[in-house]
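Data from my_file.tsv: TSV, C-alpha atoms
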chain	number	residue	atom	x	y	z
A	65	MET	CA	120.61	88.43	77.20
A	66	MET	CA	118.70	88.42	73.88
A	67	ARG	CA	115.40	87.59	75.65
A	68	ARG	CA	115.94	90.48	78.05
A	69	VAL	CA	116.56	92.90	75.18
A	70	ILE	CA	113.42	91.71	73.38
A	71	VAL	CA	111.26	92.03	76.48
A	72	ALA	CA	112.73	95.45	77.26
A	73	THR	CA	111.88	96.56	73.71
A	74	LEU	CA	108.30	95.31	74.05
A	75	VAL	CA	107.91	97.01	77.42
A	76	ALA	CA	109.29	100.27	76.07
A	77	ALA	CA	106.84	100.10	73.17
A	78	TRP	CA	103.96	99.36	75.55
A	79	LEU	CA	104.91	102.32	77.76
A	80	ALA	CA	105.32	104.56	74.72
A	81	VAL	CA	101.76	103.81	73.60
A	82	SER	CA	100.60	105.27	76.91
A	83	LEU	CA	102.36	108.62	76.62
A	84	THR	CA	99.23	110.33	75.36
A	85	ALA	CA	97.63	109.81	78.79
A	86	THR	CA	97.02	112.84	80.97
A	87	ALA	CA	100.20	113.35	82.97
A	88	GLY	CA	98.44	113.89	86.30
A	89	ALA	CA	95.99	111.00	85.94
A	90	ALA	CA	98.03	108.62	88.06
A	91	GLU	CA	100.47	108.98	90.87
A	92	VAL	CA	102.76	106.36	92.39
A	93	LEU	CA	102.65	106.41	96.19
A	94	PRO	CA	100.77	109.70	96.61
A	95	ALA	CA	100.77	111.67	99.85
A	96	ARG	CA	99.34	109.56	102.64
A	97	ASP	CA	95.77	110.11	103.73
A	98	VAL	CA	94.19	109.59	107.17
A	99	CYS	CA	96.21	107.32	109.46
A	100	GLN	CA	94.44	104.07	110.23
A	101	PRO	CA	96.93	101.87	112.12
A	102	THR	CA	94.38	99.24	113.16
A	103	THR	CA	91.48	97.45	111.51
A	104	SER	CA	88.47	95.45	112.59
A	105	ALA	CA	89.92	92.37	110.89
A	106	LYS	CA	91.70	90.42	113.63
A	107	SER	CA	93.86	88.64	111.06
A	108	ARG	CA	95.67	91.90	110.40
A	109	ASP	CA	95.59	93.62	113.80
A	110	GLY	CA	98.76	91.95	115.05
A	111	ASN	CA	100.70	93.03	111.97
A	112	CYS	CA	100.02	96.76	112.10
A	113	VAL	CA	102.59	99.38	112.98
A	114	PRO	CA	101.92	103.04	113.75
A	115	CYS	CA	101.20	105.13	110.70
A	116	ALA	CA	104.38	106.39	109.05
A	117	VAL	CA	104.53	109.12	106.46
A	118	GLY	CA	107.94	108.31	105.02
A	119	PRO	CA	108.97	105.67	102.51
A	120	VAL	CA	109.63	102.09	103.58
A	121	SER	CA	113.33	102.63	102.85
A	122	THR	CA	115.70	105.57	102.58
A	123	ALA	CA	118.29	103.65	100.54
A	124	PRO	CA	119.39	105.70	97.51
A	125	GLY	CA	118.76	102.80	95.13
A	126	PHE	CA	115.17	102.44	96.30
A	127	LEU	CA	114.45	106.18	96.17
A	128	ALA	CA	115.86	106.38	92.65
A	129	LEU	CA	113.76	103.42	91.55
A	130	LEU	CA	110.63	104.92	93.11
A	131	GLU	CA	111.22	108.17	91.24
A	132	GLN	CA	111.79	106.25	88.01
A	133	VAL	CA	108.42	104.53	88.34
A	134	ARG	CA	106.76	107.86	89.09
A	135	THR	CA	108.12	109.36	85.87
A	136	ARG	CA	106.52	106.52	83.90
A	137	ARG	CA	103.08	106.89	85.42
A	138	ALA	CA	101.35	107.36	82.06
A	139	ALA	CA	101.15	103.57	81.67
A	140	PHE	CA	98.81	103.40	84.66
A	141	ALA	CA	96.44	105.97	83.16
A	142	ASP	CA	96.33	103.87	80.00
A	143	ILE	CA	95.18	100.89	82.08
A	144	ASP	CA	92.46	103.09	83.57
A	145	ARG	CA	91.17	104.00	80.12
A	146	ARG	CA	90.94	100.35	79.15
A	147	ILE	CA	89.28	99.16	82.36
A	148	ASP	CA	86.91	102.12	82.77
A	149	GLY	CA	85.78	101.67	79.18
A	150	ALA	CA	85.25	97.90	79.48
A	151	SER	CA	81.66	98.21	80.70
A	152	GLY	CA	78.90	100.45	79.47
A	153	ASP	CA	76.79	99.92	82.57
A	154	PRO	CA	76.56	103.13	84.65
A	155	GLU	CA	76.44	101.24	87.96
A	156	VAL	CA	79.55	99.24	87.13
A	157	GLN	CA	81.31	102.42	86.02
A	158	THR	CA	80.40	104.12	89.31
A	159	LEU	CA	81.64	101.17	91.37
A	160	LEU	CA	84.97	101.30	89.53
A	161	GLN	CA	85.62	104.89	90.60
A	162	GLY	CA	87.72	105.68	93.67
A	163	ARG	CA	86.96	103.51	96.70
A	164	ASN	CA	83.31	102.83	95.83
A	165	LEU	CA	83.76	99.12	95.19
A	166	ALA	CA	85.93	98.65	98.29
A	167	ARG	CA	83.28	100.29	100.44
A	168	ALA	CA	80.66	97.98	98.91
A	169	LEU	CA	82.69	94.81	99.54
A	170	TYR	CA	85.02	95.28	102.52
A	171	GLY	CA	82.84	96.78	105.24
A	172	SER	CA	84.61	98.95	107.83
A	173	ASP	CA	88.05	97.92	106.49
A	174	ALA	CA	87.40	99.47	103.06
A	175	ASP	CA	89.37	102.66	103.54
A	176	PHE	CA	92.24	100.80	105.18
A	177	ILE	CA	92.47	98.34	102.29
A	178	ALA	CA	91.94	100.74	99.41
A	179	GLY	CA	92.97	103.99	101.08
A	180	GLY	CA	96.45	104.36	99.74
A	181	SER	CA	99.55	104.38	101.87
A	182	ALA	CA	97.93	105.60	105.07
A	183	SER	CA	99.19	102.82	107.29
A	184	ARG	CA	101.08	99.60	106.85
A	185	CYS	CA	100.89	96.12	108.32
A	186	LEU	CA	104.59	95.33	108.06
A	187	VAL	CA	105.64	92.28	110.04
A	188	PRO	CA	109.26	92.65	111.18
A	189	ASP	CA	111.83	90.07	110.18
A	190	ASP	CA	112.14	86.97	112.35
A	191	GLU	CA	115.28	87.80	114.31
A	192	ALA	CA	115.41	84.34	115.88
A	193	ALA	CA	115.31	82.69	112.45
A	194	ARG	CA	117.98	85.07	111.19
A	195	ALA	CA	120.19	84.23	114.17
A	196	ARG	CA	119.95	80.53	113.22
A	197	ALA	CA	120.61	81.19	109.53
A	198	THR	CA	123.95	80.68	107.81
A	199	PRO	CA	125.06	83.91	106.11
A	200	ILE	CA	126.88	84.00	102.80
A	201	ALA	CA	128.19	86.99	100.91
A	202	CYS	CA	125.80	87.63	98.03
A	203	ASP	CA	128.69	88.09	95.62
A	204	ALA	CA	129.98	84.62	96.58
A	205	ILE	CA	126.88	82.92	95.14
A	206	PRO	CA	127.75	81.19	91.83
A	207	ARG	CA	126.19	82.93	88.82
A	208	GLU	CA	126.32	80.03	86.37
A	209	GLY	CA	122.88	78.46	86.02
A	210	LEU	CA	121.47	80.87	88.62
A	211	VAL	CA	117.72	81.42	89.03
A	212	VAL	CA	116.58	84.34	91.19
A	213	LEU	CA	112.92	84.02	92.22
A	214	LEU	CA	111.03	87.05	93.52
A	215	THR	CA	107.97	85.53	95.25
A	216	ALA	CA	105.09	87.79	96.22
A	217	GLY	CA	101.42	87.92	97.14
A	218	GLN	CA	99.75	86.63	100.27
A	219	SER	CA	100.01	83.82	102.79
A	220	ASN	CA	100.12	80.74	100.59
A	221	ILE	CA	103.44	81.89	99.18
A	222	SER	CA	104.78	82.92	102.59
A	223	ASN	CA	105.80	80.70	105.53
A	224	THR	CA	102.41	79.11	106.24
A	225	GLY	CA	102.86	75.49	105.11
A	226	ALA	CA	102.41	72.86	107.82
A	227	ALA	CA	105.17	70.68	109.24
A	228	ASP	CA	105.07	66.91	108.80
A	229	GLN	CA	103.34	64.60	111.27
A	230	SER	CA	106.38	64.61	113.55
A	231	GLY	CA	106.39	68.41	113.64
A	232	ARG	CA	109.46	68.83	111.44
A	233	LEU	CA	109.66	71.42	108.71
A	234	TYR	CA	110.95	70.44	105.29
A	235	GLN	CA	114.58	71.49	104.84
A	236	PRO	CA	116.36	71.56	101.47
A	237	HIS	CA	118.74	68.76	100.46
A	238	ASN	CA	120.41	71.07	97.93
A	239	ARG	CA	122.35	74.17	98.88
A	240	PHE	CA	120.72	77.34	97.63
A	241	TYR	CA	120.04	80.79	99.00
A	242	ASN	CA	117.61	83.24	100.58
A	243	PHE	CA	117.84	87.00	100.02
A	244	ASP	CA	116.49	88.80	103.09
A	245	ARG	CA	114.83	92.05	102.05
A	246	PHE	CA	115.10	93.43	105.59
A	247	ASP	CA	118.89	93.55	105.77
A	248	GLY	CA	119.79	93.14	102.08
A	249	ARG	CA	121.97	90.10	102.82
A	250	CYS	CA	122.04	86.50	101.63
A	251	TYR	CA	121.74	83.31	103.67
A	252	VAL	CA	121.62	79.59	103.03
A	253	ALA	CA	117.93	78.84	102.41
A	254	ARG	CA	115.98	76.91	105.02
A	255	ASN	CA	112.44	76.95	106.40
A	256	PRO	CA	111.10	79.34	107.49
A	257	LEU	CA	112.50	81.74	104.90
A	258	LEU	CA	113.67	85.21	105.87
A	259	GLY	CA	111.83	88.19	104.41
A	260	THR	CA	108.25	86.95	104.74
A	261	PRO	CA	106.08	86.21	107.80
A	262	GLY	CA	105.26	82.87	109.39
A	263	GLU	CA	107.01	80.00	111.13
A	264	GLY	CA	106.04	77.18	108.76
A	265	GLU	CA	107.14	75.89	105.40
A	266	ASN	CA	107.50	78.06	102.32
A	267	VAL	CA	106.62	76.58	98.94
A	268	ALA	CA	109.64	78.31	97.39
A	269	THR	CA	111.99	76.30	99.64
A	270	ARG	CA	110.69	73.09	98.12
A	271	LEU	CA	110.64	74.70	94.68
A	272	GLY	CA	114.36	75.44	94.90
A	273	ASP	CA	115.03	71.72	95.40
A	274	GLU	CA	112.65	70.85	92.55
A	275	LEU	CA	114.43	73.14	90.08
A	276	ILE	CA	117.87	71.85	90.98
A	277	ASP	CA	116.81	68.19	91.07
A	278	ARG	CA	115.26	68.50	87.61
A	279	GLY	CA	118.35	70.16	86.18
A	280	LEU	CA	116.47	73.41	85.53
A	281	ALA	CA	118.90	75.43	87.63
A	282	LYS	CA	122.32	74.95	89.18
A	283	THR	CA	121.58	77.23	92.09
A	284	VAL	CA	118.63	79.29	93.26
A	285	VAL	CA	118.15	82.52	95.19
A	286	ILE	CA	114.71	83.14	96.70
A	287	ALA	CA	113.66	86.70	97.54
A	288	PRO	CA	110.29	86.40	99.33
A	289	VAL	CA	108.12	89.44	100.02
A	290	ALA	CA	104.62	87.95	100.50
A	291	ILE	CA	102.42	89.33	103.31
A	292	GLY	CA	99.51	87.23	104.56
A	293	GLY	CA	95.94	88.48	104.51
A	294	THR	CA	96.62	91.21	101.95
A	295	TYR	CA	94.26	92.35	99.23
A	296	LEU	CA	95.43	93.11	95.73
A	297	GLU	CA	94.53	96.78	96.24
A	298	GLU	CA	97.26	96.96	98.88
A	299	TRP	CA	99.94	95.95	96.34
A	300	ARG	CA	98.99	98.28	93.50
A	301	ALA	CA	101.56	100.80	92.31
A	302	ARG	CA	99.38	103.85	92.92
A	303	GLY	CA	99.16	104.15	96.67
A	304	GLY	CA	99.28	100.47	97.50
A	305	LYS	CA	101.05	100.27	100.83
A	306	TYR	CA	103.12	97.24	99.80
A	307	PHE	CA	104.24	98.16	96.28
A	308	GLU	CA	107.16	100.00	97.81
A	309	VAL	CA	108.15	96.72	99.51
A	310	LEU	CA	108.48	95.23	96.03
A	311	LEU	CA	110.57	98.17	94.84
A	312	ALA	CA	112.80	98.10	97.91
A	313	THR	CA	113.45	94.39	97.41
A	314	ILE	CA	114.27	94.86	93.74
A	315	ALA	CA	116.65	97.69	94.62
A	316	GLY	CA	118.31	95.47	97.24
A	317	LEU	CA	118.69	92.60	94.79
A	318	ARG	CA	120.33	94.90	92.27
A	319	GLU	CA	122.70	96.21	94.92
A	320	ALA	CA	123.72	92.56	95.37
A	321	ASN	CA	123.98	92.06	91.59
A	322	LEU	CA	121.03	89.65	91.66
A	323	GLU	CA	118.47	90.49	88.99
A	324	PRO	CA	115.15	88.55	89.21
A	325	SER	CA	114.89	85.64	86.77
A	326	ALA	CA	111.16	85.22	87.41
A	327	VAL	CA	108.43	86.83	89.49
A	328	LEU	CA	105.99	84.36	91.05
A	329	TRP	CA	102.72	86.02	92.07
A	330	HIS	CA	100.24	84.12	94.26
A	331	GLN	CA	97.34	86.20	95.58
A	332	GLY	CA	93.57	86.15	95.38
A	333	GLU	CA	92.15	84.41	98.41
A	334	SER	CA	91.47	87.68	100.26
A	335	ASN	CA	89.76	89.30	97.28
A	336	ALA	CA	87.65	86.19	96.71
A	337	PHE	CA	86.36	86.30	100.27
A	338	ALA	CA	83.46	88.70	99.70
A	339	PHE	CA	82.23	86.85	96.62
A	340	SER	CA	82.54	83.36	98.06
A	341	ILE	CA	80.66	83.99	101.32
A	342	ASN	CA	78.69	87.21	100.59
A	343	GLY	CA	80.37	88.83	103.57
A	344	ALA	CA	83.22	91.08	104.64
A	345	GLU	CA	85.94	90.25	107.16
A	346	ASP	CA	84.36	92.49	109.77
A	347	GLY	CA	81.15	90.43	109.66
A	348	THR	CA	79.17	92.72	107.34
A	349	GLN	CA	76.66	90.69	105.36
A	350	LEU	CA	76.56	91.57	101.68
A	351	GLN	CA	74.08	91.30	98.87
A	352	VAL	CA	76.56	90.80	96.03
A	353	THR	CA	74.88	91.71	92.77
A	354	ALA	CA	75.89	90.77	89.24
A	355	LYS	CA	77.08	94.34	88.70
A	356	MET	CA	79.24	94.20	91.83
A	357	LYS	CA	80.78	90.98	90.51
A	358	GLU	CA	81.55	92.55	87.14
A	359	ALA	CA	83.07	95.59	88.83
A	360	GLY	CA	85.06	93.26	91.09
A	361	ARG	CA	86.42	91.36	88.11
A	362	LEU	CA	87.47	94.53	86.30
A	363	SER	CA	88.93	96.09	89.44
A	364	TYR	CA	91.03	93.02	90.15
A	365	LEU	CA	92.25	92.99	86.55
A	366	ARG	CA	93.12	96.68	86.77
A	367	ASN	CA	95.17	96.19	89.94
A	368	ASP	CA	97.02	93.15	88.58
A	369	LEU	CA	97.89	95.02	85.38
A	370	GLU	CA	98.99	97.97	87.47
A	371	ILE	CA	101.43	95.81	89.43
A	372	VAL	CA	102.82	94.50	86.15
A	373	ALA	CA	103.12	98.04	84.79
A	374	GLY	CA	104.90	99.12	87.97
A	375	LEU	CA	107.40	96.28	87.73
A	376	ARG	CA	108.06	96.99	84.06
A	377	ALA	CA	108.47	100.69	84.84
A	378	ALA	CA	111.13	99.58	87.34
A	379	ASP	CA	112.89	97.79	84.44
A	380	VAL	CA	112.09	94.32	85.74
A	381	THR	CA	112.17	92.34	82.49
A	382	ALA	CA	111.84	88.88	84.04
A	383	PRO	CA	108.76	86.83	83.15
A	384	ILE	CA	105.91	87.30	85.60
A	385	PHE	CA	103.79	84.25	86.44
A	386	VAL	CA	100.33	84.90	87.87
A	387	ALA	CA	98.82	81.96	89.75
A	388	THR	CA	95.11	81.21	89.77
A	389	ALA	CA	94.40	81.24	93.50
A	390	THR	CA	91.10	81.84	95.30
A	391	LEU	CA	90.45	78.81	97.52
A	392	CYS	CA	90.37	79.46	101.25
A	393	GLY	CA	87.78	77.79	103.42
A	394	SER	CA	84.95	77.25	100.98
A	395	VAL	CA	84.99	76.89	97.20
A	396	PRO	CA	86.99	78.54	94.40
A	397	ASP	CA	85.61	81.88	93.30
A	398	GLU	CA	84.96	82.24	89.58
A	399	ILE	CA	84.93	86.06	89.63
A	400	ILE	CA	88.53	86.42	90.76
A	401	ARG	CA	89.60	83.33	88.79
A	402	SER	CA	88.33	84.92	85.59
A	403	ALA	CA	90.24	88.12	86.34
A	404	GLN	CA	93.45	86.19	87.03
A	405	ALA	CA	93.04	84.27	83.77
A	406	ALA	CA	92.79	87.55	81.85
A	407	VAL	CA	96.11	88.96	83.11
A	408	PRO	CA	98.67	86.83	81.18
A	409	ASN	CA	99.94	88.47	78.00
A	410	PRO	CA	103.14	87.11	76.39
A	411	ALA	CA	103.66	90.43	74.60
A	412	ILE	CA	104.62	92.00	77.93
A	413	GLY	CA	106.14	88.85	79.45
A	414	VAL	CA	103.24	87.82	81.69
A	415	TYR	CA	102.27	84.15	81.82
A	416	PRO	CA	99.83	81.93	83.72
A	417	GLY	CA	101.16	80.35	86.88
A	418	PRO	CA	99.69	77.15	88.33
A	419	ASP	CA	96.02	76.79	89.20
A	420	THR	CA	96.47	76.13	92.91
A	421	ASP	CA	92.73	75.94	93.49
A	422	GLN	CA	93.25	72.36	92.30
A	423	ILE	CA	94.93	71.68	95.64
A	424	GLY	CA	91.77	70.76	97.50
A	425	LEU	CA	90.76	71.32	101.11
A	426	PRO	CA	92.02	67.88	102.26
A	427	LEU	CA	95.56	69.13	101.45
A	428	ARG	CA	95.09	72.36	103.43
A	429	HIS	CA	95.74	72.03	107.14
A	430	ASP	CA	93.25	74.75	108.12
A	431	ARG	CA	91.09	74.62	104.97
A	432	CYS	CA	93.18	77.45	103.51
A	433	HIS	CA	96.94	77.01	103.99
A	434	MET	CA	98.83	74.03	102.65
A	435	SER	CA	99.50	70.86	104.57
A	436	HIS	CA	102.93	69.24	104.35
A	437	ALA	CA	101.74	67.23	101.34
A	438	GLY	CA	99.91	70.25	99.94
A	439	THR	CA	103.10	72.31	99.93
A	440	GLU	CA	104.88	69.50	98.09
A	441	GLN	CA	102.19	69.51	95.40
A	442	HIS	CA	102.25	73.30	95.26
A	443	ALA	CA	106.02	73.29	94.62
A	444	ARG	CA	105.70	70.66	91.88
A	445	MET	CA	103.05	72.76	90.15
A	446	TRP	CA	105.32	75.81	90.09
A	447	ALA	CA	108.26	73.70	88.89
A	448	ASP	CA	106.11	72.18	86.12
A	449	ARG	CA	105.05	75.64	84.99
A	450	LEU	CA	108.62	76.98	84.90
A	451	ALA	CA	109.85	73.85	83.13
A	452	GLU	CA	107.12	74.22	80.50
A	453	PHE	CA	108.05	77.87	80.00
A	454	TRP	CA	111.74	77.13	79.53
A	455	ARG	CA	110.98	74.18	77.22
A	456	SER	CA	108.95	76.54	75.02
A	457	GLY	CA	112.17	78.21	73.95
A	458	ALA	CA	112.45	80.89	76.60
A	459	ARG	CA	115.90	81.65	77.95
A	460	ARG	CA	117.13	78.97	80.33
A	461	PRO	CA	119.19	80.02	83.34
Is it possible to give me this structure as structure tokens?
Amino acid sequence: MMRRVIVATLVAAWLAVSLTATAGAAEVLPARDVCQPTTSAKSRDGNCVPCAVGPVSTAPGFLALLEQVRTRRAAFADIDRRIDGASGDPEVQTLLQGRNLARALYGSDADFIAGGSASRCLVPDDEAARARATPIACDAIPREGLVVLLTAGQSNISNTGAADQSGRLYQPHNRFYNFDRFDGRCYVARNPLLGTPGEGENVATRLGDELIDRGLAKTVVIAPVAIGGTYLEEWRARGGKYFEVLLATIAGLREANLEPSAVLWHQGESNAFAFSINGAEDGTQLQVTAKMKEAGRLSYLRNDLEIVAGLRAADVTAPIFVATATLCGSVPDEIIRSAQAAVPNPAIGVYPGPDTDQIGLPLRHDRCHMSHAGTEQHARMWADRLAEFWRSGARRP
């Protein structure tokens, strides 16, 4: 309780510093622009739903939380001042404005990726997996020694891990739980987890066992919201089509009296794509200049900080762990890695997660997503990081 009060005080102070910002400089989930329900990137085509103009949820708790974040929008304008003033180069400054950088890096998908809440690629819940799951009343989950993990980002923290050589998915040997953001209910955790796409293993399922086996938690609830193939721009608080998924999940957890103990963020492979291969997903060949790289680094940092600001504006006081993650098919990308390394700031409760680029291509079944052994290593890395954090004197569950 004391740690939460301290963090809340720090967050309030941080938000207060920003109150001199122009009130209209930032807007959370602005009015949607042109509908673009499909993209040239085949990896996302199957996920897209027709453009919708309403919020992702009409639940009162979500709508109240959304409005709360909107009223605290000054913090986002403060981030803009810091990022826009970080470079004196006119070309970098121009690239950082509006969708200029996206259009330089993402080809024909630029407006879809960075165009606000125009359309969403929301994969529906796996009804077959839910039918196999064992439900449990959320209020029946023991609270003593409870860790609630909100896991977010893109595919390597969703259900994309490979089965073992016999085709079997890892299943937990401890009993812990899965909060399904789609129906707001709790289930006994098993692979694949409910609430995030894919039919494979989820690193958080192994992580739950790791935390319990090490005595770091007595029970665990996993609330997964990751969406594969997403760019960081799509998660940002101002217009990012998936930020409202985060808010809806947080509202659902609170309705179930389950406040997040930690937020695990694993994203970066999509944003690294342009820099690592000098190309966009639609096949556009790029000439990535040093100034584009600098703008890319600052833009990524801006969007990460904006997600943090949005979560803090929603009164999420849990520590946020940001993984270093860029490897997918080629080599790690130093531009995005450097941006990820700049995000952690203990003053606002943000800490480095594991460097999962260290999990090399031999442990990735398709040169991007984790093999069975790769998922095991991935889970150990997260458990090591959480154990180190709690050993440092932070509040234990």
Contact residues around Gln218 (chain A) with all atoms listed in the file at 10 Å, ignoring same-chain residues under 2 positions, as a ChimeraX atom specification
/A:215-216,220-224,260-261,289-296,329-334
Selection near Pro119 (chain A), 10 Å with only C-alpha atoms, sequence-local residues under 4 positions removed, as a PDB file with C-alpha atoms, keeping the file's coordinate frame:
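File written: out-v4.pdb
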ATOM      1  CA  LEU A  93     102.650 106.410  96.190  1.00  0.00           C
ATOM      2  CA  ALA A 123     118.290 103.650 100.540  1.00  0.00           C
ATOM      3  CA  PHE A 126     115.170 102.440  96.300  1.00  0.00           C
ATOM      4  CA  LEU A 127     114.450 106.180  96.170  1.00  0.00           C
ATOM      5  CA  LEU A 130     110.630 104.920  93.110  1.00  0.00           C
ATOM      6  CA  SER A 181      99.550 104.380 101.870  1.00  0.00           C
ATOM      7  CA  LYS A 305     101.050 100.270 100.830  1.00  0.00           C
ATOM      8  CA  GLU A 308     107.160 100.000  97.810  1.00  0.00           C
ATOM      9  CA  VAL A 309     108.150  96.720  99.510  1.00  0.00           C
ATOM     10  CA  ALA A 312     112.800  98.100  97.910  1.00  0.00           C
TER      11      ALA A 312
END
Cut-off 10 Å: closest region 216-261 of chain A/region 188-194 of chain A atom pairs per residue, using only C-alpha atoms, as CSV:
residue,atom,partner,partner_atom,distance
A:Asp244,CA,A:Asp189,CA,8.6
A:Arg245,CA,A:Asp189,CA,8.9
A:Phe246,CA,A:Asp189,CA,6.6
A:Asp247,CA,A:Asp189,CA,9.0
A:Tyr251,CA,A:Arg194,CA,8.6
A:Arg254,CA,A:Ala193,CA,9.4
A:Asn255,CA,A:Ala193,CA,8.8
A:Pro256,CA,A:Ala193,CA,7.3
A:Leu257,CA,A:Ala193,CA,8.1
A:Leu258,CA,A:Asp189,CA,6.8
A:Gly259,CA,A:Asp189,CA,6.1
A:Thr260,CA,A:Asp189,CA,7.2
A:Pro261,CA,A:Asp189,CA,7.3
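Interatomic distance, CA of Ser325 (chain A) against CA of Glu298 (chain A): 24.2 Å.
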Which polymer residues have any atom within 10 Å of an atom of region 338-348 of chain A, counting only C-alpha atoms, with same-chain residues fewer than 3 positions away left out, as number ranges by chain?
A: 103-107, 168-174, 333-335, 351-353, 356-357, 360, 390-400
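Shell of Arg300 (chain A) at 6 Å, with all atoms listed in the file counted and residues fewer than 3 places along the chain excluded, is A:Glu297, A:Gly304, A:Phe307, A:Asn367, A:Ile371.
Pairwise distance (CA of Val212 (chain A), CA of Met434 (chain A)) equals 23.5 Å.
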Hey, which of A:Val327, A:Ala359, A:Leu317, A:Ala405 ends up closest to Thr381 (chain A)? Count all atoms listed in the file.
A:Val327
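Nearest to Leu311 (chain A) of all the residues A:Val187, A:Ala128, A:Val252, A:Ile286 is A:Ala128, based on only C-alpha atoms.
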Find the spatial neighbours of Asp228 (chain A), counting only C-alpha atoms, within a cut-off of 9 Å - ignore same-chain residues fewer than 4 positions away - and output them as a list in words.
Arg232, Leu233, Tyr234, Ser435, His436 and Ala437 of chain A
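Coordinates place CA of Gly279 (chain A) at a distance of 23.1 Å from CA of Ala387 (chain A).
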To box region 129-137 of chain A, take all atoms listed in the file, fit an axis-aligned box, add 6 Å on each side, and give centre and edge lengths in Å to one decimal, as AutoDock Vina command-line options.
--center_x 108.4 --center_y 106.4 --center_z 88.5 --size_x 22.7 --size_y 17.9 --size_z 21.2
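Closest approach to Arg249 (chain A) from the set A:Glu319, A:Ser219, A:Gln235, A:Arg278 is made by A:Glu319, with distances taken over all atoms listed in the file.
With distances taken over all atoms listed in the file, A:Leu214 is the one residue among A:Val120, A:Leu425, A:Leu214, A:Ala226 lying closest to Leu375 (chain A).
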Mind listing as a list in words all residues within 8 Å of (114.6, 91.0, 85.1), counting only C-alpha atoms?
Arg68, Glu323, Pro324, Ser325, Ala326, Asp379, Val380, Thr381, Ala382 and Pro383 of chain A
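Of the listed residues A:Asp144, A:Leu280, A:Ile384, A:Gly424, the one whose atoms come nearest to Ala411 (chain A) is A:Ile384, with distances taken using all atoms listed in the file.
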